[in-house]
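Single-structure report; data block below.
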2 protein chains.
Amino acid sequence: MIAAYAPATVSNVACGFDVLGFALDEPGDIVGAALAEAPGAVIAGIHGDHGRLSWEPRRNTAAMAAQALLDRLGTRQGVALHVHKGLPLASGVGSSGASAVAAVVAVNELLGRPASREVLLACAMEGERAGCGAPHPDNVAPALYGGFVLARPADPPDIVRLPVPAGLACAVLHPHLEVETGAARALLGDTVPLGAAVQQWGNLGALVAALFTGDLALLSRSLDDVIVEPKRAGLVPGLAAVKAAAREAGALGCSLSGSGPSIFALAADAAVAARVGEAMRVAYAQAGGGVDADLWISPVGTSGARVVAGLAEEA
Amino acid sequence: MIAAYAPATVSNVACGFDVLGFALDEPGDIVGAALAEAPGAVIAGIHGDHGRLSWEPRRNTAAMAAQALLDRLGTRQGVALHVHKGLPLASGVGSSGASAVAAVVAVNELLGRPASREVLLACAMEGERAGCGAPHPDNVAPALYGGFVLARPADPPDIVRLPVPAGLACAVLHPHLEVETGAARALLGDTVPLGAAVQQWGNLGALVAALFTGDLALLSRSLDDVIVEPKRAGLVPGLAAVKAAAREAGALGCSLSGSGPSIFALAADAAVAARVGEAMRVAYAQAGGGVDADLWISPVGTSGARVVAGLAEEA
């Protein structure tokens, strides 16, 4: 049994809808992989999903991703996967992407590392098809590589790793709501005002520059979404209050994580992130309509997915 | 008499509509400034404009910019300006912006350099109001600072200087057409498809990253405008043929400069830029409907506007 860990990811990052994401250090998912007799990838166990994920390989992101890797390698070797969910489903922190990435990293290690990271990325994106119907790289790429990753839309996408300013940390508030990515996408409509689009790409260009130069003041001014978040704000009652509290407590910026309901805030260091997270929790308790929420504080994770030890006994 | 030079600039740069520009080394405009008795900025001479620019201070970008600087400094000192146009009007290479920048740099030098570059930029932007009705930084900022400059829309805009990969050079073909910025803007409409906007900001984010890392292959893939240029292509008959010829000859990318009619191409070095420019010239001679064109080859200019000697005799 070989096991691999892949972290939660924040996609969109305010101004980078569908092209930008970053990894946390934790929480994350672990997938264990073992050799099996019959060809193909099967699910041998799922833990932590409260019975909600499908064991059917073609409807499970981890199995889909592992199968894509087996196909790419041209092997008839069989693998059995044990999925340990550390991430809640449909929470906006890349849960399905983390399972897909952990699965391909574990299977690749099990088979003696025949595949490059570029191949692993492509296979993890195939796994994402099971989760959201289309292969998007904005969660799986940072889950695999760590740090900030820009995915320039193309076939295949250009994966551009961006520097992480030293100490940059994140607070994520996870309200116990579920937002389906498809429903959140349907809110957006087909067109956007040209002026808003110019503002958005000006913000994204400045955000990329700020990551390279470490200019946190510019990063902060750039963390503004004038297109997507305004249309999705109604999905998460209390969002405005949480955002205001985060900024008041010293956050560089605060916005929906992915399509929500999770809300992320970036901060200059872990101590500020902890204060920011506590302010977000308090604000949500007052404004969130009585819905419970989890709070995670983590550095922006620079190491990405990795092989881990110690799963054999549990699996 | 003090004189200052400001270079031509390429704005938009394919995927950076209204937020990105870069400077050439040449051609450019020169503005001479001398002390005058009456308060305020006046035009004492204009050369190279074929009599087309207004001498009325409130309708002349150089005088408007100089007046903004005098106002900002709170001085009743008078200045007389001699404008030497090296750039054709309404050509898409920042002609009015170059005059505005050269004027403020010359007047600032004449007065003992009381103003910072940030103040000079704000005053040059005021000058641009005379040229296009709104203060846009995407030509004046690179004309003043040199290199690539991203202007994040805000009030005031964030001016973000970006690195220039060593050797990067440019060919600009200037068809003898005139495109009014306002008319070119009216073609754009008020909305854009969301999918195209995502493609555009993915390209811009990748372009900014490519400038920091010097990844010319990524830069090349990012130099694509899926929103603005398709709507303006009809303004410049032959554009498609020129773009194809430029790419064929080794250009990293080719698109309209500003709102046209000039067409720029970026190349890895000056030798390639010269070959690319010649290919563009030949293609335009065949496809441009018999319209004459100028061709300029220049490094991407990293020095921006500067005080120059030797104008006293001519003025």
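The chains in the structure tokens are called A, B, ... from first to last as shown; in each chain the residues are counted from 1, and the ligands are counted from 1 in the order shown.
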Could you build a table of the residues in chain A lying no more than 9 Å from chain B, giving for each the nearest pair of atoms and their separation in Å rounded to one decimal place, using only C-alpha atoms, ordered by chain and ascending residue number, as JSON lines?
{"residue": "A:Gly16", "atom": "CA", "partner": "B:Trp201", "partner_atom": "CA", "distance": 7.7}
{"residue": "A:Phe17", "atom": "CA", "partner": "B:Val198", "partner_atom": "CA", "distance": 7.0}
{"residue": "A:Asp18", "atom": "CA", "partner": "B:Val198", "partner_atom": "CA", "distance": 6.9}
{"residue": "A:Val19", "atom": "CA", "partner": "B:Gly202", "partner_atom": "CA", "distance": 5.9}
{"residue": "A:Leu20", "atom": "CA", "partner": "B:Gly202", "partner_atom": "CA", "distance": 8.4}
{"residue": "A:Leu150", "atom": "CA", "partner": "B:Ala206", "partner_atom": "CA", "distance": 7.2}
{"residue": "A:Ala151", "atom": "CA", "partner": "B:Gly202", "partner_atom": "CA", "distance": 6.9}
{"residue": "A:Arg152", "atom": "CA", "partner": "B:Gly202", "partner_atom": "CA", "distance": 4.7}
{"residue": "A:Pro153", "atom": "CA", "partner": "B:Gln199", "partner_atom": "CA", "distance": 5.9}
{"residue": "A:Ala154", "atom": "CA", "partner": "B:Gln199", "partner_atom": "CA", "distance": 8.4}
{"residue": "A:Asp158", "atom": "CA", "partner": "B:Leu218", "partner_atom": "CA", "distance": 8.0}
{"residue": "A:Val160", "atom": "CA", "partner": "B:Ala206", "partner_atom": "CA", "distance": 7.1}
{"residue": "A:Arg161", "atom": "CA", "partner": "B:Ala209", "partner_atom": "CA", "distance": 8.8}
{"residue": "A:Leu162", "atom": "CA", "partner": "B:Ala209", "partner_atom": "CA", "distance": 7.5}
{"residue": "A:Leu188", "atom": "CA", "partner": "B:Leu194", "partner_atom": "CA", "distance": 8.4}
{"residue": "A:Gly189", "atom": "CA", "partner": "B:Leu194", "partner_atom": "CA", "distance": 7.8}
{"residue": "A:Asp190", "atom": "CA", "partner": "B:Leu194", "partner_atom": "CA", "distance": 5.5}
{"residue": "A:Thr191", "atom": "CA", "partner": "B:Pro193", "partner_atom": "CA", "distance": 4.3}
{"residue": "A:Val192", "atom": "CA", "partner": "B:Thr191", "partner_atom": "CA", "distance": 5.4}
{"residue": "A:Pro193", "atom": "CA", "partner": "B:Thr191", "partner_atom": "CA", "distance": 4.3}
{"residue": "A:Leu194", "atom": "CA", "partner": "B:Thr191", "partner_atom": "CA", "distance": 4.8}
{"residue": "A:Gly195", "atom": "CA", "partner": "B:Asp190", "partner_atom": "CA", "distance": 7.7}
{"residue": "A:Ala197", "atom": "CA", "partner": "B:Ala197", "partner_atom": "CA", "distance": 6.4}
{"residue": "A:Val198", "atom": "CA", "partner": "B:Asp18", "partner_atom": "CA", "distance": 6.9}
{"residue": "A:Gln199", "atom": "CA", "partner": "B:Pro153", "partner_atom": "CA", "distance": 5.9}
{"residue": "A:Gln200", "atom": "CA", "partner": "B:Trp201", "partner_atom": "CA", "distance": 7.6}
{"residue": "A:Trp201", "atom": "CA", "partner": "B:Trp201", "partner_atom": "CA", "distance": 4.9}
{"residue": "A:Gly202", "atom": "CA", "partner": "B:Arg152", "partner_atom": "CA", "distance": 4.7}
{"residue": "A:Asn203", "atom": "CA", "partner": "B:Arg152", "partner_atom": "CA", "distance": 6.0}
{"residue": "A:Leu204", "atom": "CA", "partner": "B:Gly205", "partner_atom": "CA", "distance": 6.1}
{"residue": "A:Gly205", "atom": "CA", "partner": "B:Gly205", "partner_atom": "CA", "distance": 5.0}
{"residue": "A:Ala206", "atom": "CA", "partner": "B:Arg152", "partner_atom": "CA", "distance": 6.4}
{"residue": "A:Leu207", "atom": "CA", "partner": "B:Gly205", "partner_atom": "CA", "distance": 8.4}
{"residue": "A:Val208", "atom": "CA", "partner": "B:Gly205", "partner_atom": "CA", "distance": 6.2}
{"residue": "A:Ala209", "atom": "CA", "partner": "B:Val208", "partner_atom": "CA", "distance": 6.6}
{"residue": "A:Ala210", "atom": "CA", "partner": "B:Val160", "partner_atom": "CA", "distance": 8.9}
{"residue": "A:Phe212", "atom": "CA", "partner": "B:Phe212", "partner_atom": "CA", "distance": 7.2}
{"residue": "A:Leu218", "atom": "CA", "partner": "B:Asp158", "partner_atom": "CA", "distance": 8.0}
{"residue": "A:Arg221", "atom": "CA", "partner": "B:Asp158", "partner_atom": "CA", "distance": 9.0}
{"residue": "A:Ser222", "atom": "CA", "partner": "B:Arg152", "partner_atom": "CA", "distance": 8.2}
From range 88-268 of chain A, collect each residue whose DSSP state is alpha helix (DSSP H) and return the set as a ChimeraX atom specification. /A:95-110,117-132,137-145,181-186,194-213,216-222,229-232,239-248
Write the residues you've just listed into a file as a PDB file, in the first residue's frame, and include C-alpha atoms for each of them.
ATOM      1  CA  SER A  95     -12.231  18.455  -2.644  1.00  0.00           C
ATOM      2  CA  SER A  96     -12.643  16.375  -5.797  1.00  0.00           C
ATOM      3  CA  GLY A  97      -9.404  17.748  -7.241  1.00  0.00           C
ATOM      4  CA  ALA A  98      -7.461  16.756  -4.120  1.00  0.00           C
ATOM      5  CA  SER A  99      -8.728  13.180  -4.353  1.00  0.00           C
ATOM      6  CA  ALA A 100      -7.831  13.015  -8.040  1.00  0.00           C
ATOM      7  CA  VAL A 101      -4.323  14.354  -7.440  1.00  0.00           C
ATOM      8  CA  ALA A 102      -3.647  12.130  -4.434  1.00  0.00           C
ATOM      9  CA  ALA A 103      -4.815   9.114  -6.465  1.00  0.00           C
ATOM     10  CA  VAL A 104      -2.461   9.700  -9.405  1.00  0.00           C
ATOM     11  CA  VAL A 105       0.502  10.485  -7.149  1.00  0.00           C
ATOM     12  CA  ALA A 106      -0.087   7.298  -5.136  1.00  0.00           C
ATOM     13  CA  VAL A 107      -0.564   5.077  -8.196  1.00  0.00           C
ATOM     14  CA  ASN A 108       2.483   6.582  -9.888  1.00  0.00           C
ATOM     15  CA  GLU A 109       4.597   5.847  -6.811  1.00  0.00           C
ATOM     16  CA  LEU A 110       3.167   2.331  -6.607  1.00  0.00           C
ATOM     17  CA  ARG A 117       4.210  15.575 -13.250  1.00  0.00           C
ATOM     18  CA  GLU A 118       2.781  16.923 -16.512  1.00  0.00           C
ATOM     19  CA  VAL A 119       1.234  13.523 -17.202  1.00  0.00           C
ATOM     20  CA  LEU A 120      -0.049  13.298 -13.628  1.00  0.00           C
ATOM     21  CA  LEU A 121      -1.687  16.704 -14.056  1.00  0.00           C
ATOM     22  CA  ALA A 122      -3.421  15.674 -17.260  1.00  0.00           C
ATOM     23  CA  CYS A 123      -4.708  12.488 -15.622  1.00  0.00           C
ATOM     24  CA  ALA A 124      -5.911  14.330 -12.503  1.00  0.00           C
ATOM     25  CA  MET A 125      -7.810  16.719 -14.787  1.00  0.00           C
ATOM     26  CA  GLU A 126      -9.516  13.705 -16.333  1.00  0.00           C
ATOM     27  CA  GLY A 127     -10.566  12.730 -12.818  1.00  0.00           C
ATOM     28  CA  GLU A 128     -12.094  16.175 -12.350  1.00  0.00           C
ATOM     29  CA  ARG A 129     -14.470  15.363 -15.192  1.00  0.00           C
ATOM     30  CA  ALA A 130     -16.225  13.025 -12.791  1.00  0.00           C
ATOM     31  CA  GLY A 131     -16.613  15.832 -10.270  1.00  0.00           C
ATOM     32  CA  CYS A 132     -17.661  18.757 -12.433  1.00  0.00           C
ATOM     33  CA  PRO A 137      -6.890  22.747 -13.972  1.00  0.00           C
ATOM     34  CA  ASP A 138      -7.435  25.547 -11.456  1.00  0.00           C
ATOM     35  CA  ASN A 139      -7.757  23.210  -8.462  1.00  0.00           C
ATOM     36  CA  VAL A 140      -5.757  20.160  -9.530  1.00  0.00           C
ATOM     37  CA  ALA A 141      -2.705  22.137 -10.689  1.00  0.00           C
ATOM     38  CA  PRO A 142      -2.053  23.876  -7.338  1.00  0.00           C
ATOM     39  CA  ALA A 143      -2.991  20.671  -5.457  1.00  0.00           C
ATOM     40  CA  LEU A 144      -0.270  18.847  -7.426  1.00  0.00           C
ATOM     41  CA  TYR A 145       2.449  21.525  -7.589  1.00  0.00           C
ATOM     42  CA  THR A 181     -20.373  24.064  -8.985  1.00  0.00           C
ATOM     43  CA  GLY A 182     -22.821  23.758 -11.872  1.00  0.00           C
ATOM     44  CA  ALA A 183     -25.508  25.795 -10.127  1.00  0.00           C
ATOM     45  CA  ALA A 184     -22.985  28.463  -9.145  1.00  0.00           C
ATOM     46  CA  ARG A 185     -21.828  28.652 -12.753  1.00  0.00           C
ATOM     47  CA  ALA A 186     -25.365  29.046 -14.075  1.00  0.00           C
ATOM     48  CA  LEU A 194     -16.460  45.386 -21.000  1.00  0.00           C
ATOM     49  CA  GLY A 195     -15.493  47.891 -18.301  1.00  0.00           C
ATOM     50  CA  ALA A 196     -15.712  45.253 -15.586  1.00  0.00           C
ATOM     51  CA  ALA A 197     -13.674  42.842 -17.688  1.00  0.00           C
ATOM     52  CA  VAL A 198     -10.938  45.488 -18.081  1.00  0.00           C
ATOM     53  CA  GLN A 199     -10.957  46.052 -14.307  1.00  0.00           C
ATOM     54  CA  GLN A 200     -10.722  42.305 -13.729  1.00  0.00           C
ATOM     55  CA  TRP A 201      -7.775  41.706 -16.057  1.00  0.00           C
ATOM     56  CA  GLY A 202      -6.028  44.781 -14.691  1.00  0.00           C
ATOM     57  CA  ASN A 203      -6.424  43.289 -11.226  1.00  0.00           C
ATOM     58  CA  LEU A 204      -5.182  39.871 -12.345  1.00  0.00           C
ATOM     59  CA  GLY A 205      -2.145  41.324 -14.115  1.00  0.00           C
ATOM     60  CA  ALA A 206      -1.301  43.328 -10.996  1.00  0.00           C
ATOM     61  CA  LEU A 207      -1.806  40.292  -8.754  1.00  0.00           C
ATOM     62  CA  VAL A 208       0.638  38.230 -10.833  1.00  0.00           C
ATOM     63  CA  ALA A 209       3.177  41.068 -10.706  1.00  0.00           C
ATOM     64  CA  ALA A 210       2.688  41.416  -6.936  1.00  0.00           C
ATOM     65  CA  LEU A 211       3.449  37.710  -6.415  1.00  0.00           C
ATOM     66  CA  PHE A 212       6.724  38.102  -8.318  1.00  0.00           C
ATOM     67  CA  THR A 213       7.784  41.280  -6.516  1.00  0.00           C
ATOM     68  CA  LEU A 216       1.714  42.848  -0.552  1.00  0.00           C
ATOM     69  CA  ALA A 217       0.044  46.268  -0.761  1.00  0.00           C
ATOM     70  CA  LEU A 218      -0.443  45.810  -4.499  1.00  0.00           C
ATOM     71  CA  LEU A 219      -1.564  42.221  -3.924  1.00  0.00           C
ATOM     72  CA  SER A 220      -4.162  43.528  -1.498  1.00  0.00           C
ATOM     73  CA  ARG A 221      -5.515  46.152  -3.903  1.00  0.00           C
ATOM     74  CA  SER A 222      -5.712  43.516  -6.646  1.00  0.00           C
ATOM     75  CA  GLU A 229     -18.553  37.204  -6.730  1.00  0.00           C
ATOM     76  CA  PRO A 230     -21.278  39.881  -7.036  1.00  0.00           C
ATOM     77  CA  LYS A 231     -23.452  37.336  -8.854  1.00  0.00           C
ATOM     78  CA  ARG A 232     -22.770  34.545  -6.360  1.00  0.00           C
ATOM     79  CA  LEU A 239     -20.566  36.963   2.991  1.00  0.00           C
ATOM     80  CA  ALA A 240     -20.439  40.766   3.085  1.00  0.00           C
ATOM     81  CA  ALA A 241     -20.113  40.812   6.871  1.00  0.00           C
ATOM     82  CA  VAL A 242     -17.364  38.174   6.803  1.00  0.00           C
ATOM     83  CA  LYS A 243     -15.444  40.097   4.127  1.00  0.00           C
ATOM     84  CA  ALA A 244     -15.678  43.336   6.084  1.00  0.00           C
ATOM     85  CA  ALA A 245     -14.522  41.623   9.274  1.00  0.00           C
ATOM     86  CA  ALA A 246     -11.569  40.020   7.485  1.00  0.00           C
ATOM     87  CA  ARG A 247     -10.358  43.312   6.024  1.00  0.00           C
ATOM     88  CA  GLU A 248     -10.894  45.033   9.391  1.00  0.00           C
TER      89      GLU A 248
END
Backbone DSSP call of strand (DSSP E or B) for range 139-314 of chain B, listed as a compact mmCIF listing (two decimals) with N, CA and C atoms, in the first residue's frame:
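Output file selection.txt is given in full below:
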# COMPACT_ATOMS: atom_id res chain seq x y z
N PHE B 148 7.88 47.90 -20.12
CA PHE B 148 6.48 47.51 -20.03
C PHE B 148 5.89 48.09 -18.75
N VAL B 149 4.70 48.63 -18.85
CA VAL B 149 4.02 49.16 -17.68
C VAL B 149 2.58 48.66 -17.69
N LEU B 150 2.17 48.10 -16.55
CA LEU B 150 0.77 47.72 -16.34
C LEU B 150 0.11 48.81 -15.52
N ALA B 151 -1.05 49.26 -15.97
CA ALA B 151 -1.81 50.25 -15.21
C ALA B 151 -3.08 49.59 -14.70
N ARG B 152 -3.10 49.28 -13.39
CA ARG B 152 -4.31 48.70 -12.81
C ARG B 152 -5.34 49.80 -12.65
N ASP B 158 -2.90 52.18 -10.33
CA ASP B 158 -1.63 51.59 -9.89
C ASP B 158 -0.73 51.45 -11.10
N ILE B 159 0.44 52.03 -11.04
CA ILE B 159 1.40 51.93 -12.14
C ILE B 159 2.43 50.88 -11.76
N VAL B 160 2.46 49.76 -12.49
CA VAL B 160 3.30 48.62 -12.14
C VAL B 160 4.30 48.41 -13.27
N ARG B 161 5.57 48.66 -12.98
CA ARG B 161 6.60 48.47 -14.00
C ARG B 161 6.98 46.99 -14.06
N LEU B 162 7.07 46.47 -15.27
CA LEU B 162 7.34 45.04 -15.48
C LEU B 162 8.71 44.88 -16.15
N ALA B 169 12.69 43.01 -28.95
CA ALA B 169 12.62 44.09 -29.95
C ALA B 169 11.27 44.07 -30.64
N CYS B 170 11.04 45.15 -31.37
CA CYS B 170 9.70 45.39 -31.91
C CYS B 170 9.78 45.91 -33.34
N ALA B 171 8.86 45.49 -34.17
CA ALA B 171 8.64 46.09 -35.49
C ALA B 171 7.26 46.72 -35.48
N VAL B 172 7.17 47.93 -35.99
CA VAL B 172 5.88 48.61 -36.09
C VAL B 172 5.67 49.04 -37.54
N LEU B 173 4.59 48.58 -38.11
CA LEU B 173 4.20 49.00 -39.45
C LEU B 173 3.10 50.04 -39.30
N HIS B 174 3.31 51.19 -39.91
CA HIS B 174 2.33 52.28 -39.79
C HIS B 174 1.69 52.58 -41.15
N PRO B 175 0.54 51.98 -41.43
CA PRO B 175 -0.18 52.31 -42.66
C PRO B 175 -0.64 53.76 -42.63
N THR B 191 -20.56 44.91 -23.92
CA THR B 191 -20.38 43.63 -23.22
C THR B 191 -19.48 42.71 -24.03
N VAL B 192 -18.91 41.73 -23.33
CA VAL B 192 -18.07 40.72 -23.97
C VAL B 192 -18.50 39.36 -23.45
N PRO B 193 -18.31 38.31 -24.24
CA PRO B 193 -18.64 36.97 -23.75
C PRO B 193 -17.76 36.60 -22.55
N GLY B 253 4.62 37.57 -31.57
CA GLY B 253 3.21 37.91 -31.65
C GLY B 253 3.06 39.17 -32.46
N CYS B 254 1.84 39.44 -32.91
CA CYS B 254 1.58 40.58 -33.79
C CYS B 254 0.13 40.98 -33.60
N SER B 255 -0.12 42.28 -33.41
CA SER B 255 -1.48 42.74 -33.18
C SER B 255 -1.54 44.24 -33.47
N LEU B 256 -2.74 44.80 -33.38
CA LEU B 256 -2.86 46.24 -33.52
C LEU B 256 -2.13 46.94 -32.38
N ILE B 263 0.47 48.45 -36.64
CA ILE B 263 0.51 47.03 -36.30
C ILE B 263 1.89 46.76 -35.73
N PHE B 264 1.95 46.20 -34.52
CA PHE B 264 3.25 45.90 -33.92
C PHE B 264 3.49 44.41 -33.93
N ALA B 265 4.77 44.05 -33.93
CA ALA B 265 5.17 42.66 -33.71
C ALA B 265 6.33 42.66 -32.72
N LEU B 266 6.32 41.74 -31.79
CA LEU B 266 7.46 41.57 -30.88
C LEU B 266 8.33 40.42 -31.38
N ALA B 267 9.64 40.55 -31.15
CA ALA B 267 10.59 39.52 -31.59
C ALA B 267 11.68 39.37 -30.54
N ALA B 293 2.93 52.78 -46.27
CA ALA B 293 3.16 52.48 -44.86
C ALA B 293 4.61 52.78 -44.50
N ASP B 294 4.81 53.19 -43.26
CA ASP B 294 6.17 53.32 -42.71
C ASP B 294 6.48 52.07 -41.89
N LEU B 295 7.77 51.82 -41.74
CA LEU B 295 8.20 50.69 -40.92
C LEU B 295 9.25 51.17 -39.93
N TRP B 296 9.05 50.87 -38.66
CA TRP B 296 10.04 51.19 -37.64
C TRP B 296 10.49 49.90 -36.97
N ILE B 297 11.78 49.80 -36.73
CA ILE B 297 12.34 48.68 -35.97
C ILE B 297 13.04 49.28 -34.77
N SER B 298 12.76 48.78 -33.59
CA SER B 298 13.37 49.36 -32.38
C SER B 298 13.42 48.32 -31.29
N PRO B 299 14.45 48.38 -30.44
CA PRO B 299 14.35 47.60 -29.21
C PRO B 299 13.15 48.06 -28.40
N VAL B 300 12.61 47.20 -27.55
CA VAL B 300 11.71 47.71 -26.51
C VAL B 300 12.55 48.67 -25.68
N ARG B 306 13.42 61.46 -21.62
CA ARG B 306 14.67 61.99 -21.09
C ARG B 306 14.95 63.37 -21.66
N VAL B 307 15.71 64.14 -20.88
CA VAL B 307 16.15 65.45 -21.33
C VAL B 307 17.20 65.25 -22.42
N VAL B 308 17.10 66.05 -23.49
CA VAL B 308 18.06 65.94 -24.59
C VAL B 308 18.65 67.31 -24.88
